[in-house]
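So this one's protein.csv, CSV, C-alpha atoms:
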chain,number,residue,atom,x,y,z
T,563,MET,CA,-18.4,2.9,22.5
T,564,HIS,CA,-16.5,-0.1,24.0
T,565,GLN,CA,-13.9,0.4,26.7
T,566,ASP,CA,-12.2,-2.6,25.2
T,567,LEU,CA,-11.2,-1.9,21.6
T,568,ALA,CA,-10.8,-5.6,20.9
T,569,ALA,CA,-14.5,-6.3,21.9
T,570,GLU,CA,-17.0,-7.5,19.3
T,571,VAL,CA,-18.4,-4.7,17.2
T,572,LEU,CA,-21.6,-4.3,15.2
T,573,PRO,CA,-21.5,-6.0,11.8
T,574,ILE,CA,-21.6,-2.7,9.9
T,575,PRO,CA,-21.9,-3.2,6.1
T,576,GLU,CA,-18.7,-2.5,4.2
T,577,SER,CA,-20.4,0.0,1.9
T,578,VAL,CA,-21.4,2.1,5.0
T,579,ILE,CA,-17.8,2.1,6.3
T,580,ARG,CA,-16.5,3.2,2.9
T,581,GLU,CA,-19.0,6.0,2.5
T,582,SER,CA,-18.3,7.1,6.1
T,583,LEU,CA,-14.6,7.4,5.3
T,584,VAL,CA,-15.4,9.4,2.1
T,585,TRP,CA,-17.6,11.7,4.1
T,586,PHE,CA,-14.9,12.1,6.6
T,587,ILE,CA,-12.3,13.1,4.0
T,588,TRP,CA,-14.6,15.8,2.6
T,589,HIS,CA,-16.2,17.1,5.7
T,590,GLY,CA,-14.9,15.7,8.9
T,591,GLU,CA,-11.1,15.4,8.6
T,592,GLN,CA,-9.4,18.1,10.6
T,593,THR,CA,-5.7,17.2,10.1
T,594,LEU,CA,-3.5,20.2,9.3
T,595,ASP,CA,-3.0,19.1,5.7
T,596,ARG,CA,-6.7,18.8,5.0
T,597,ARG,CA,-7.5,22.1,6.6
T,598,ILE,CA,-4.7,23.8,4.5
T,599,GLU,CA,-6.1,22.2,1.4
T,600,ARG,CA,-9.6,23.5,2.1
T,601,ALA,CA,-8.3,27.0,2.9
T,602,LEU,CA,-6.2,27.1,-0.4
T,603,ARG,CA,-9.3,26.0,-2.4
T,604,ARG,CA,-11.3,28.9,-0.9
T,605,SER,CA,-8.5,31.3,-1.6
T,606,GLN,CA,-8.3,33.1,-4.9
T,607,GLY,CA,-5.1,35.0,-4.0
T,608,SER,CA,-1.6,35.1,-5.4
T,609,THR,CA,1.2,32.6,-4.6
T,610,GLU,CA,2.4,35.0,-1.8
T,611,GLU,CA,-1.0,35.0,-0.2
T,612,MET,CA,-1.2,31.2,-0.4
T,613,ILE,CA,2.2,30.9,1.2
T,614,GLU,CA,1.0,33.2,4.0
T,615,ILE,CA,-2.1,30.9,4.5
T,616,VAL,CA,0.1,27.8,4.7
T,617,VAL,CA,2.6,29.3,7.1
T,618,ARG,CA,-0.1,30.8,9.3
T,619,MET,CA,-2.0,27.6,9.6
T,620,SER,CA,1.1,25.5,10.2
T,621,GLY,CA,2.4,27.9,12.8
T,622,ARG,CA,-1.0,27.9,14.6
T,623,GLN,CA,-1.1,24.1,14.6
T,624,SER,CA,2.4,24.0,16.2
T,625,ARG,CA,1.4,26.5,18.9
T,626,SER,CA,-1.8,24.6,19.6
T,627,ALA,CA,0.1,21.3,19.9
T,628,SER,CA,2.3,22.9,22.5
T,629,SER,CA,-0.5,24.5,24.5
T,630,ASN,CA,-3.1,21.8,24.1
T,631,PRO,CA,-1.1,18.5,23.9
T,632,PRO,CA,-3.0,15.2,23.5
T,633,PRO,CA,-3.7,13.2,26.7
T,634,THR,CA,-0.7,10.9,26.0
T,635,ALA,CA,1.8,13.6,25.2
T,636,GLU,CA,3.9,12.9,28.2
T,637,MET,CA,4.6,9.4,26.8
T,638,ARG,CA,6.2,10.7,23.6
T,639,PRO,CA,10.0,10.5,23.4
T,640,TRP,CA,10.5,13.9,21.6
T,641,PRO,CA,11.1,17.2,23.3
T,642,LYS,CA,9.0,20.4,23.1
T,643,LEU,CA,9.1,22.1,19.7
T,644,THR,CA,11.7,24.8,19.3
T,645,LYS,CA,11.4,27.9,17.1
T,646,ARG,CA,13.7,26.2,14.6
T,647,ASP,CA,11.4,23.1,14.6
T,648,VAL,CA,8.4,25.3,13.9
T,649,GLU,CA,10.1,27.2,11.1
T,650,GLY,CA,11.1,23.9,9.5
T,651,MET,CA,7.6,22.5,9.7
T,652,ASN,CA,6.2,25.7,8.2
T,653,ALA,CA,8.7,25.4,5.3
T,654,LEU,CA,7.9,21.7,4.8
T,655,ALA,CA,4.2,22.5,4.6
T,656,VAL,CA,4.8,25.2,1.9
T,657,ALA,CA,7.0,22.8,-0.1
T,658,LYS,CA,4.3,20.1,0.2
T,659,PHE,CA,1.5,22.2,-1.1
T,660,LEU,CA,3.2,24.8,-3.4
T,661,GLY,CA,6.5,23.1,-4.4
T,662,TRP,CA,10.1,23.3,-3.1
T,663,GLN,CA,10.7,26.3,-5.4
T,664,GLU,CA,8.7,28.4,-3.1
T,665,ILE,CA,11.1,27.9,-0.2
T,666,GLY,CA,14.3,27.9,-2.3
T,667,SER,CA,17.6,26.1,-1.8
T,668,ARG,CA,18.3,27.7,1.6
T,669,GLY,CA,14.8,26.7,2.9
T,670,VAL,CA,15.2,23.1,1.7
T,671,ALA,CA,18.7,22.9,3.3
T,672,GLU,CA,17.3,24.3,6.6
T,673,VAL,CA,14.5,21.7,6.6
T,674,LEU,CA,16.9,18.8,6.1
T,675,SER,CA,19.5,20.0,8.5
T,676,GLY,CA,16.8,20.5,11.1
T,677,ALA,CA,16.5,16.7,11.3
T,678,ALA,CA,20.1,16.5,12.5
T,679,PRO,CA,20.8,14.1,15.5
T,680,SER,CA,20.1,15.6,19.0
T,681,THR,CA,23.9,15.5,19.7
T,682,SER,CA,24.6,18.0,16.9
T,683,THR,CA,25.8,21.4,18.0
T,684,THR,CA,24.5,24.7,16.6
T,685,GLU,CA,27.7,25.0,14.6
T,686,ASP,CA,27.3,21.5,13.2
T,687,ILE,CA,23.8,22.3,12.0
T,688,ARG,CA,24.8,25.6,10.5
T,689,ASP,CA,27.7,23.9,8.6
T,690,ASP,CA,25.4,21.2,7.4
T,691,THR,CA,22.9,23.9,6.2
T,692,ASP,CA,25.6,25.8,4.3
T,693,ARG,CA,26.9,22.6,2.7
T,694,LEU,CA,23.4,21.5,1.6
T,695,GLU,CA,22.5,24.9,0.3
T,696,ARG,CA,25.6,24.9,-2.0
T,697,LEU,CA,24.7,21.4,-3.2
T,698,PHE,CA,21.1,22.4,-3.9
T,699,LEU,CA,22.1,25.6,-5.6
T,700,ARG,CA,24.1,23.6,-8.1
T,701,ARG,CA,21.2,21.3,-8.7
T,702,GLU,CA,18.8,24.2,-9.0
T,703,LEU,CA,21.0,25.9,-11.6
T,704,ALA,CA,21.2,22.7,-13.5
T,705,GLY,CA,17.4,22.5,-13.6
T,706,GLN,CA,17.2,19.5,-11.3
T,707,ASP,CA,14.8,18.7,-8.5
T,708,LEU,CA,16.4,19.1,-5.1
T,709,VAL,CA,14.6,16.4,-3.0
T,710,LYS,CA,11.4,14.5,-3.1
T,711,PHE,CA,9.1,16.1,-0.6
T,712,PRO,CA,6.0,14.3,0.8
T,713,ARG,CA,3.1,15.0,-1.5
T,714,HIS,CA,-0.3,16.0,-0.2
T,715,VAL,CA,-3.1,13.7,-1.6
T,716,PRO,CA,-6.0,15.9,-2.5
T,717,MET,CA,-9.6,15.0,-1.5
T,718,GLU,CA,-10.7,13.7,-4.9
T,719,GLU,CA,-7.8,11.3,-5.2
T,720,ALA,CA,-8.2,10.2,-1.5
T,721,GLU,CA,-11.9,9.4,-2.2
T,722,THR,CA,-10.9,7.3,-5.3
T,723,LEU,CA,-8.4,5.3,-3.3
T,724,ILE,CA,-10.8,4.7,-0.5
T,725,ARG,CA,-13.4,3.4,-2.9
T,726,ARG,CA,-10.8,1.1,-4.5
T,727,ALA,CA,-9.4,-0.2,-1.2
T,728,ASP,CA,-9.7,-3.9,-0.7
T,729,SER,CA,-12.7,-4.7,1.5
T,730,GLY,CA,-10.6,-6.8,3.9
T,731,ALA,CA,-8.1,-4.0,4.3
T,732,LEU,CA,-10.7,-1.7,5.9
T,733,TRP,CA,-11.4,-4.1,8.9
T,734,SER,CA,-7.8,-5.2,9.0
T,735,VAL,CA,-6.4,-1.6,9.3
T,736,ARG,CA,-9.1,-0.8,12.0
T,737,ASN,CA,-8.4,-3.9,14.1
T,738,LYS,CA,-4.6,-3.5,14.0
T,739,LEU,CA,-4.8,0.2,14.9
T,740,ALA,CA,-7.1,-0.7,17.8
T,741,ARG,CA,-4.7,-3.3,19.2
T,742,ILE,CA,-1.7,-1.0,18.7
T,743,ALA,CA,-3.5,1.8,20.5
T,744,GLN,CA,-4.7,-0.3,23.5
T,745,VAL,CA,-1.7,-2.6,24.0
T,746,GLY,CA,0.8,0.1,23.1
T,747,HIS,CA,-0.7,2.4,25.7
T,748,LEU,CA,-0.6,-0.4,28.3
T,749,MET,CA,3.1,-1.1,27.5
T,750,LEU,CA,4.0,2.5,28.0
T,751,LEU,CA,2.2,2.6,31.3
T,752,LEU,CA,3.8,-0.6,32.7
T,753,ARG,CA,7.4,0.4,31.9
T,754,ASP,CA,8.8,-3.1,32.7
T,755,GLU,CA,10.9,-5.6,30.8
T,756,ARG,CA,8.0,-6.2,28.4
T,757,THR,CA,7.9,-2.5,27.6
T,758,ASP,CA,11.7,-2.7,26.8
T,759,ILE,CA,11.1,-5.5,24.4
T,760,PHE,CA,8.2,-3.7,22.8
T,761,LEU,CA,10.1,-0.5,22.4
T,762,ASP,CA,13.0,-2.3,20.7
T,763,SER,CA,10.6,-3.1,17.9
T,764,VAL,CA,9.0,0.4,17.9
T,765,TYR,CA,12.3,2.3,17.7
T,766,SER,CA,13.6,0.3,14.7
T,767,SER,CA,11.8,2.7,12.4
T,768,HIS,CA,10.8,6.4,12.4
T,769,THR,CA,7.5,5.4,10.8
T,770,ASN,CA,6.9,2.9,13.6
T,771,VAL,CA,7.4,5.7,16.2
T,772,THR,CA,5.1,8.1,14.4
T,773,LEU,CA,2.3,5.6,14.0
T,774,LEU,CA,2.5,4.3,17.6
T,775,TYR,CA,2.3,7.7,19.2
T,776,GLY,CA,-0.3,8.8,16.7
T,777,ALA,CA,-2.5,5.8,17.6
T,778,ILE,CA,-2.3,5.5,21.4
T,779,PRO,CA,-4.5,8.6,22.1
T,780,ILE,CA,-7.4,6.4,20.7
T,781,ALA,CA,-7.1,4.2,23.8
T,782,VAL,CA,-7.8,7.1,26.2
T,783,THR,CA,-10.4,9.2,24.3
T,784,LEU,CA,-13.0,6.5,23.5
T,785,GLU,CA,-15.9,8.7,24.5
T,786,THR,CA,-14.6,11.9,22.7
T,787,THR,CA,-12.2,12.0,19.8
T,788,ALA,CA,-11.1,8.4,19.3
T,789,TRP,CA,-13.3,8.0,16.2
T,790,HIS,CA,-11.6,11.0,14.6
T,791,THR,CA,-8.1,9.8,15.3
T,792,MET,CA,-9.0,6.3,14.1
T,793,ALA,CA,-10.6,7.6,10.8
T,794,ALA,CA,-7.7,10.0,10.1
T,795,LEU,CA,-5.1,7.2,10.6
T,796,MET,CA,-7.1,4.9,8.4
T,797,VAL,CA,-7.3,7.5,5.6
T,798,VAL,CA,-3.5,8.0,5.8
T,799,LEU,CA,-2.8,4.3,5.6
T,800,LEU,CA,-5.2,3.8,2.7
T,801,THR,CA,-4.4,6.8,0.6
T,802,ASP,CA,-0.9,8.2,1.3
T,803,ASP,CA,1.9,7.9,-1.3
T,804,ASN,CA,4.0,6.2,1.3
T,805,ALA,CA,1.4,3.5,2.1
T,806,ARG,CA,3.9,0.8,1.8
T,807,ASP,CA,6.0,2.3,4.6
T,808,TRP,CA,2.9,2.9,6.7
T,809,PHE,CA,1.6,-0.7,6.2
T,810,GLY,CA,5.0,-2.0,7.1
T,811,ALA,CA,4.9,-0.1,10.3
T,812,LEU,CA,1.3,-1.2,11.0
T,813,ASP,CA,2.2,-4.9,10.6
T,814,GLN,CA,5.4,-4.6,12.7
T,815,LEU,CA,3.6,-2.9,15.5
T,816,ALA,CA,0.6,-5.3,15.3
T,817,ASP,CA,3.1,-8.2,15.5
T,818,ALA,CA,4.8,-6.6,18.5
T,819,THR,CA,1.4,-6.3,20.3
T,820,ARG,CA,0.2,-9.9,19.9
T,821,PRO,CA,-1.6,-10.9,23.1
T,822,GLU,CA,0.4,-14.1,23.4
T,823,LEU,CA,3.6,-12.1,23.9
T,824,PHE,CA,2.3,-10.7,27.2
T,825,THR,CA,0.7,-13.8,28.8

Rewrite the structure from the file as structure tokens, please.
Amino acid sequence: MHQDLAAEVLPIPESVIRESLVWFIWHGEQTLDRRIERALRRSQGSTEEMIEIVVRMSGRQSRSASSNPPPTAEMRPWPKLTKRDVEGMNALAVAKFLGWQEIGSRGVAEVLSGAAPSTSTTEDIRDDTDRLERLFLRRELAGQDLVKFPRHVPMEEAETLIRRADSGALWSVRNKLARIAQVGHLMLLLRDERTDIFLDSVYSSHTNVTLLYGAIPIAVTLETTAWHTMAALMVVLLTDDNARDWFGALDQLADATRPELFT
């Protein structure tokens, strides 16, 4: 409950931290992916019904993010979600949980073309979608995978990875996230030449951007939801298939927020 995230904390035993993260995975985590996983486990329905669950929950999350943005939302560099963005996120969620086959070649093409540069016109995006669909149809007919979608890590596997995590990594991840949240938030508030230098490092990677803007709400919600955001980010870093990318971003952002850079 410190206002300064870098302040000394209680010497909590490592076993307690580990068990707390395991509890969080099974009972406390409210990320979209984890809520979808729990809903699908409760469902005994057909594939069509499971698709409906995923799309409904993904769409609801998108609407909630627009109507109830986090307290630091105005600092984010991306615009408000469009209908096309929401449809792409829904399709990506279906592919993640049920396989790309459930959205088909056209759906995969639309997801990928939706990540086009902001300078792309509607016609450019449509042409890219048509071109990708033809490519994916050929691959699909040849019995080949289309693309490697992000994989959801189920709770049992996440628990195993947390239990196996290096003891030093638990505190290291927490401390780096705390510094990124607090210093990163200050940099975005200052908006001076130091901010420009900081953002040059941030914008060198999409993962850097995602991690920074995912972490900075911690700095302004210390008395409410900071613990939840911190725990969720720790779980991602310690269990995600792309952990190497996440840790690369964590180290780069932590290096860009070293106190001596701002004194």

So, with all atoms listed in the file as the atoms that count, which of T:Asn652, T:Thr801, T:Phe760, T:Arg713 lies closest to Val584 (chain T)?
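Nearest candidate to Val584 (chain T) out of T:Asn652, T:Thr801, T:Phe760, T:Arg713: T:Thr801.
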
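If you measure from each of T:Pro779, T:Pro821, T:Pro631, T:Gly661 to Phe711 (chain T) using only C-alpha atoms, the closest one turns out to be T:Gly661.
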
Residue contacts of region 575-583 of chain T (9 Å, all atoms listed in the file) excluding same-chain residues fewer than 6 positions away, as number ranges by chain:
T: 721, 724-725, 727, 729, 732-733, 793-794, 796-797

Let me make sure I understand: among T:Met717, T:Val771, T:Val617, T:Leu703, which one has the smallest atom-to-atom distance to Gln814 (chain T) if we use all atoms listed in the file?
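Comparing T:Met717, T:Val771, T:Val617, T:Leu703 against Gln814 (chain T), the winner is T:Val771.
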
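Distance-wise, CA of Ser605 (chain T) and CA of Trp662 (chain T) end up 20.3 Å apart.
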
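Using all atoms listed in the file, the shortest contact distance between Pro712 (chain T) and any of T:Ala601, T:Ala740, T:Leu660, T:Met792 is found at T:Leu660.
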
Close residues, Leu773 (chain T) itself excluded, 12 Å, all atoms listed in the file, min 6 positions apart in chain, as a ChimeraX atom specification:
/T:638,738-740,742-743,746,764-765,767,779-780,791-792,794-796,798-799,807-816

Neighbouring residues of region 590-594 of chain T were defined as those with any atom within 9 Å, considering all atoms listed in the file; residues of the same chain fewer than 5 positions away were excluded. Please report them as a PDB file with C-alpha atoms, keeping the file's coordinate frame.
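Done, and the output landed in selection_31.pdb:
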ATOM      1  CA  TRP T 585     -17.600  11.700   4.100  1.00  0.00           C
ATOM      2  CA  GLU T 599      -6.100  22.200   1.400  1.00  0.00           C
ATOM      3  CA  MET T 619      -2.000  27.600   9.600  1.00  0.00           C
ATOM      4  CA  SER T 620       1.100  25.500  10.200  1.00  0.00           C
ATOM      5  CA  GLN T 623      -1.100  24.100  14.600  1.00  0.00           C
ATOM      6  CA  HIS T 790     -11.600  11.000  14.600  1.00  0.00           C
ATOM      7  CA  ALA T 793     -10.600   7.600  10.800  1.00  0.00           C
ATOM      8  CA  ALA T 794      -7.700  10.000  10.100  1.00  0.00           C
TER       9      ALA T 794
END

Min atom-atom distance to Lys645 (chain T) from the set T:Arg741, T:His747, T:Arg625, T:Arg668, counting all atoms listed in the file, belongs to T:Arg625

In Å, how far is it from CA of Thr783 (chain T) to CA of Thr634 (chain T)?
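The value is 10.0 Å.
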
Quick one, how far is CA of Lys658 (chain T) from CA of Pro633 (chain T)?
28.5 Å

Which residues are close to Pro641 (chain T), i.e. within 12 Å by only C-alpha atoms, leaving aside same-chain residues fewer than 4 positions away? Reply as a PyMOL selection string.
chain T and resi 628+635-637+647+680

Find the spatial neighbours of Arg696 (chain T), counting only C-alpha atoms, within a cut-off of 9 Å - ignore same-chain residues fewer than 5 positions away - and output them as an MDAnalysis selection string.
chainID T and resid 667:668 671 691 701

Which residue, T:Gly666, T:Val656, T:Ser626, T:Thr819, has the smallest gap to Glu702 (chain T) when you use only C-alpha atoms?
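Between T:Gly666, T:Val656, T:Ser626, T:Thr819, the residue approaching Glu702 (chain T) most closely is T:Gly666.
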